[in-house]
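A.B. asks: Contents of query_28.cif (mmCIF, C-alpha atoms) are given next:
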```
data_input
#
loop_
_atom_site.label_atom_id
_atom_site.label_comp_id
_atom_site.auth_asym_id
_atom_site.auth_seq_id
_atom_site.Cartn_x
_atom_site.Cartn_y
_atom_site.Cartn_z
CA MET K 1 67.24 108.96 117.00
CA SER K 2 70.81 108.51 118.21
CA ARG K 3 73.71 107.80 115.92
CA VAL K 4 75.79 104.68 116.40
CA SER K 5 79.47 105.20 117.16
CA GLN K 6 82.03 103.92 114.68
CA ALA K 7 83.15 101.29 117.17
CA GLN K 8 79.56 100.12 117.65
CA ALA K 9 79.00 100.04 113.87
CA ILE K 10 82.07 97.81 113.49
CA GLU K 11 80.79 95.52 116.25
CA ASN K 12 77.31 95.41 114.66
CA ARG K 13 78.86 94.40 111.33
CA ARG K 14 80.95 91.68 113.01
CA ARG K 15 77.84 90.33 114.75
CA ALA K 16 75.84 90.35 111.52
CA VAL K 17 78.56 88.44 109.66
CA ALA K 18 78.94 85.90 112.48
CA ALA K 19 75.18 85.34 112.71
CA ALA K 20 74.86 85.08 108.93
CA SER K 21 77.73 82.60 108.76
CA GLN K 22 75.95 80.33 111.22
CA LEU K 23 72.39 80.82 109.99
CA PHE K 24 73.29 80.41 106.30
CA ARG K 25 74.94 77.06 107.10
CA GLU K 26 71.91 75.99 109.16
CA ARG K 27 69.09 77.18 106.91
CA GLY K 28 70.65 78.08 103.56
CA VAL K 29 71.06 81.57 102.19
CA ASN K 30 67.45 81.66 101.00
CA GLY K 31 66.21 80.22 104.29
CA ILE K 32 67.01 83.37 106.23
CA SER K 33 65.80 86.85 105.34
CA VAL K 34 67.70 90.05 106.03
CA ALA K 35 64.95 91.00 108.50
CA ASP K 36 65.25 87.67 110.36
CA LEU K 37 69.03 87.91 110.43
CA MET K 38 69.01 91.41 111.86
CA LYS K 39 66.29 90.51 114.36
CA SER K 40 68.45 87.60 115.57
CA ILE K 41 71.12 90.09 116.65
CA GLY K 42 68.70 92.75 117.89
CA LEU K 43 69.11 95.24 115.05
CA THR K 44 66.85 96.68 112.38
CA THR K 45 66.79 95.98 108.66
CA GLY K 46 67.77 99.61 108.04
CA GLY K 47 70.97 98.93 109.95
CA PHE K 48 71.79 96.15 107.52
CA TYR K 49 71.82 98.45 104.52
CA LYS K 50 74.12 100.88 106.34
CA GLN K 51 76.62 98.02 106.66
CA PHE K 52 76.20 95.99 103.44
CA PRO K 53 75.35 96.98 99.87
CA SER K 54 73.36 93.74 99.37
CA LYS K 55 72.58 90.33 100.78
CA GLU K 56 75.04 88.87 98.23
CA ALA K 57 77.84 90.98 99.76
CA LEU K 58 76.94 89.58 103.17
CA ILE K 59 76.87 86.02 101.82
CA ALA K 60 80.41 86.40 100.47
CA GLU K 61 81.63 87.89 103.74
CA ALA K 62 79.85 85.22 105.81
CA ALA K 63 81.37 82.44 103.70
CA GLN K 64 84.80 84.01 104.03
CA ALA K 65 84.36 84.22 107.81
CA ALA K 66 83.22 80.59 107.96
CA PHE K 67 86.27 79.44 106.02
CA GLY K 68 88.41 81.57 108.34
CA ASP K 69 86.96 79.56 111.22
CA VAL K 70 87.92 76.38 109.35
CA ASP K 71 91.48 77.64 108.98
CA LEU K 72 91.64 78.14 112.75
CA LEU K 73 90.16 74.68 113.36
CA LEU K 74 92.67 73.02 111.02
CA ALA K 75 95.55 74.87 112.67
CA SER K 76 94.32 73.67 116.06
CA PHE K 77 94.23 70.08 114.78
CA ASP K 78 97.85 70.44 113.61
CA THR K 79 98.89 71.95 116.94
CA SER K 80 97.12 69.44 119.16
CA HIS K 81 98.02 66.31 117.20
CA GLY K 82 101.71 66.88 116.59
CA ASP K 83 102.12 65.71 113.02
CA HIS K 84 99.95 66.48 110.03
CA ASP K 85 99.03 62.86 109.20
CA THR K 86 97.65 62.36 112.71
CA ALA K 87 95.84 65.70 112.51
CA ARG K 88 94.28 64.72 109.17
CA ALA K 89 93.08 61.40 110.62
CA ALA K 90 91.61 63.21 113.66
CA LEU K 91 89.81 65.63 111.34
CA VAL K 92 88.25 62.69 109.48
CA ASP K 93 87.06 61.32 112.84
CA TYR K 94 85.53 64.68 113.76
CA TYR K 95 84.06 65.37 110.32
CA LEU K 96 82.25 62.03 110.17
CA SER K 97 80.82 62.31 113.68
CA ALA K 98 77.21 62.66 114.75
CA ASP K 99 78.27 65.87 116.52
CA HIS K 100 79.38 67.49 113.25
CA ARG K 101 76.33 66.15 111.42
CA ASP K 102 73.97 67.59 114.03
CA GLN K 103 75.60 71.05 114.23
CA PRO K 104 75.52 72.44 110.67
CA GLY K 105 75.54 76.05 111.87
CA THR K 106 79.02 75.66 113.30
CA GLY K 107 80.08 72.90 110.93
CA CYS K 108 82.15 72.92 107.81
CA PRO K 109 81.15 75.63 105.34
CA THR K 110 82.22 73.41 102.45
CA ALA K 111 79.14 71.31 103.22
CA GLY K 112 77.08 74.10 104.76
CA PHE K 113 77.18 76.34 101.69
CA ALA K 114 77.39 73.62 99.00
CA GLY K 115 73.74 73.56 97.94
CA ASP K 116 73.54 77.34 97.78
CA MET K 117 76.77 77.67 95.84
CA ALA K 118 75.51 75.15 93.27
CA ARG K 119 72.65 77.56 92.57
CA GLU K 120 74.82 80.71 92.42
CA PRO K 121 75.79 82.25 89.09
CA ALA K 122 79.01 80.71 87.77
CA ALA K 123 80.92 83.96 88.21
CA GLY K 124 80.90 86.28 91.15
CA GLU K 125 82.39 87.06 94.51
CA VAL K 126 80.36 84.47 96.41
CA ARG K 127 81.38 81.60 94.12
CA GLU K 128 85.03 82.71 94.13
CA THR K 129 85.08 82.94 97.94
CA TYR K 130 83.60 79.47 98.23
CA ALA K 131 85.98 77.96 95.65
CA ALA K 132 89.00 79.44 97.43
CA GLY K 133 87.81 77.97 100.74
CA VAL K 134 87.33 74.53 99.19
CA GLN K 135 90.79 74.69 97.62
CA ASP K 136 92.39 75.64 100.95
CA PHE K 137 90.58 72.81 102.73
CA ALA K 138 91.70 70.34 100.04
CA ALA K 139 95.29 71.59 100.29
CA TRP K 140 95.24 70.92 104.04
CA MET K 141 93.79 67.44 103.43
CA SER K 142 96.33 66.62 100.70
CA THR K 143 98.83 63.81 101.01
CA ASP K 144 101.98 62.88 99.14
CA THR K 145 99.85 60.94 96.66
CA ASN K 146 96.82 63.23 96.07
CA ASP K 147 95.74 66.86 96.18
CA GLY K 148 93.07 66.34 98.84
CA LEU K 149 90.12 66.93 96.53
CA PRO K 150 88.90 63.30 96.52
CA LEU K 151 89.01 63.21 100.31
CA VAL K 152 87.18 66.54 100.67
CA ALA K 153 84.56 65.46 98.12
CA THR K 154 84.02 62.20 100.00
CA LEU K 155 83.75 63.92 103.39
CA VAL K 156 81.37 66.60 102.14
CA GLY K 157 79.19 64.11 100.26
CA ALA K 158 79.00 61.87 103.31
CA ILE K 159 78.06 64.66 105.72
CA LEU K 160 75.45 66.04 103.31
CA LEU K 161 73.85 62.62 102.94
CA ALA K 162 74.07 61.96 106.68
CA ARG K 163 72.35 65.29 107.39
CA ALA K 164 69.70 64.62 104.75
CA THR K 165 68.90 61.26 106.37
CA ALA K 166 69.37 62.33 110.03
CA GLY K 167 67.11 60.47 112.41
CA THR K 168 67.33 57.26 110.43
CA GLU K 169 69.62 54.27 110.70
CA LEU K 170 70.96 55.12 107.25
CA SER K 171 72.46 58.37 108.55
CA GLU K 172 74.57 56.52 111.10
CA LYS K 173 75.52 53.92 108.52
CA ILE K 174 76.70 56.62 106.09
CA LEU K 175 78.97 58.12 108.75
CA GLU K 176 80.32 54.76 109.89
CA SER K 177 80.87 53.19 106.48
CA THR K 178 82.53 56.30 105.07
CA HIS K 179 84.78 56.48 108.13
CA THR K 180 85.71 52.82 107.67
CA ALA K 181 86.44 53.32 103.97
CA LEU K 182 88.62 56.36 104.60
CA THR K 183 90.57 54.92 107.51
CA ALA K 184 91.14 51.43 106.12
CA PRO K 185 94.78 50.57 105.40
CA HIS K 186 94.23 51.14 101.67
CA GLY K 187 92.45 54.49 102.29
CA PRO K 188 93.99 57.96 101.94
#
```
Go ahead and express the file in the form of structure tokens.
C.D. replies:
Amino acid sequence: MSRVSQAQAIENRRRAVAAASQLFRERGVNGISVADLMKSIGLTTGGFYKQFPSKEALIAEAAQAAFGDVDLLLASFDTSHGDHDTARAALVDYYLSADHRDQPGTGCPTAGFAGDMAREPAAGEVRETYAAGVQDFAAWMSTDTNDGLPLVATLVGAILLARATAGTELSEKILESTHTALTAPHGP
């Protein structure tokens, strides 16, 4: 049996975290086994335990990576839309789209990990990683009059309900009515 080079081990870890980040958002952390995750990237379960002390350690790292992707997305919205208010409005448009609803694996980890985080122990690295990501997202969504938490809570609730009712008229109505409420002149 050949040994893996240090560079290859680093690449294998990166691939495992990226795959976990996507698959956990798609299927939930209990919806994907370590064996299935490693198979999805062409590696063995034994390779997992050379890289990670536990599945929980991978969950925390995958959530952190997913929120890192969000940071890049938010920065790109700021860059491409000029001012932050316009960027925030464009993010609301994107967030409440059928595209975002139908792509949970690459979608917002605030929504993608929400159900799993609600079942996590109150203390721990995974919960802390998630909470920090939610706080950062809310800070980006904040305005002069609020801290962004109501807007994030509304967006996440809407996308979760839209995903839960996907394939029905109600799903579309949830996206449309929430978008209307948030973009109305009296909205955030």
A.B. asks: Can you list, as an NGL selection string, every protein, DNA or RNA residue that comes within 12 Å of range 67-69 of chain K when you count only C-alpha atoms, leaving out same-chain residues fewer than 6 positions away?
C.D. replies: :K and (18 or 21-22 or 25 or 60-61 or 75-76 or 105-113 or 129-137)
A.B. asks: Can you tell me which residues surround Asp99 in chain K at a distance of at most 12 Å, considering only C-alpha atoms, apart from same-chain residues fewer than 2 positions away, and format the answer as a PyMOL selection string?
C.D. replies: chain K and resi 93-97+101-108+159+162-163+166+172+175
A.B. asks: Since we have the selection now, will you write its residues out, keeping C-alpha atoms, as a PDB file, in the frame of the given file?
C.D. replies:
```
ATOM      1  CA  ASP K  93      87.060  61.320 112.840  1.00  0.00           C
ATOM      2  CA  TYR K  94      85.530  64.680 113.760  1.00  0.00           C
ATOM      3  CA  TYR K  95      84.060  65.370 110.320  1.00  0.00           C
ATOM      4  CA  LEU K  96      82.250  62.030 110.170  1.00  0.00           C
ATOM      5  CA  SER K  97      80.820  62.310 113.680  1.00  0.00           C
ATOM      6  CA  ARG K 101      76.330  66.150 111.420  1.00  0.00           C
ATOM      7  CA  ASP K 102      73.970  67.590 114.030  1.00  0.00           C
ATOM      8  CA  GLN K 103      75.600  71.050 114.230  1.00  0.00           C
ATOM      9  CA  PRO K 104      75.520  72.440 110.670  1.00  0.00           C
ATOM     10  CA  GLY K 105      75.540  76.050 111.870  1.00  0.00           C
ATOM     11  CA  THR K 106      79.020  75.660 113.300  1.00  0.00           C
ATOM     12  CA  GLY K 107      80.080  72.900 110.930  1.00  0.00           C
ATOM     13  CA  CYS K 108      82.150  72.920 107.810  1.00  0.00           C
ATOM     14  CA  ILE K 159      78.060  64.660 105.720  1.00  0.00           C
ATOM     15  CA  ALA K 162      74.070  61.960 106.680  1.00  0.00           C
ATOM     16  CA  ARG K 163      72.350  65.290 107.390  1.00  0.00           C
ATOM     17  CA  ALA K 166      69.370  62.330 110.030  1.00  0.00           C
ATOM     18  CA  GLU K 172      74.570  56.520 111.100  1.00  0.00           C
ATOM     19  CA  LEU K 175      78.970  58.120 108.750  1.00  0.00           C
TER      20      LEU K 175
END
```
A.B. asks: Could you list, as a PyMOL selection string, every residue matched by the PyMOL selection byres ((chain K and resi 48) around 10) in this structure?
C.D. replies: chain K and resi 12-13+16+34-35+37-38+43-47+49-55+58
A.B. asks: On this structure, the PyMOL selection byres ((chain K and resi 179) around 10) would catch which residues? List them as a count of residues only, sorted by chain and number.
C.D. replies: 22
A.B. asks: Can you find the residues with an atom no farther than 6 Å from (77.9, 86.9, 97.3), counting only C-alpha atoms, and report them as a list in words?
C.D. replies: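 Using only C-alpha atoms, the matching residues come out as Glu56, Ala57, Ile59, Ala60, Glu125 and Val126 of chain K.
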A.B. asks: For the structure shown, which residues end up in the PyMOL selection byres ((chain K and resi 74) around 9)? Put them as JSON, numbers by chain, please?
C.D. replies: {"K": [69, 70, 71, 72, 73, 75, 76, 77, 78, 79, 87, 88, 91, 137, 140]}
A.B. asks: Extract, using all atoms listed in the file, all DNA, RNA and protein residues at most 12 Å from Asp147 in chain K, discarding same-chain residues fewer than 2 positions from it, and format them as a list in words.
C.D. replies: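 Neighbouring residues, sequence-local ones excluded: Val134, Gln135, Asp136, Phe137, Ala138, Ala139, Trp140, Met141, Ser142, Thr143, Asp144, Thr145, Leu149, Pro150, Leu151, Val152, Ala153 and Pro188 of chain K.
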A.B. asks: Quick one, how far is CA of Glu120 in chain K from CA of Gly148 in chain K?
C.D. replies: 24.1 Å
A.B. asks: Rounded to one decimal in Å, what is the spacing between CA of Leu170 in chain K and CA of Ala98 in chain K?
C.D. replies: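 Computed distance, CA of Leu170 in chain K to CA of Ala98 in chain K, equals 12.3 Å.
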A.B. asks: CA of Glu26 in chain K and CA of Glu169 in chain K, how far apart in Å?
C.D. replies: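 Calculated distance between CA of Glu169 in chain K and CA of Glu26 in chain K is 21.9 Å.
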A.B. asks: Name the closest residue to Asn30 in chain K among the candidates K:Thr168, K:Thr86, K:Arg119, K:Pro185; distances are taken between atoms, counting only C-alpha atoms.
C.D. replies: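 With only C-alpha atoms as the atom set, the closest residue is K:Arg119.
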A.B. asks: May I ask which of the residues K:Leu160, K:Ala9, K:Ala20, K:Ala90 is the closest one to Ala114 in chain K, counting only C-alpha atoms?
C.D. replies: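 Of the candidates, the smallest distance to Ala114 in chain K is held by K:Leu160.
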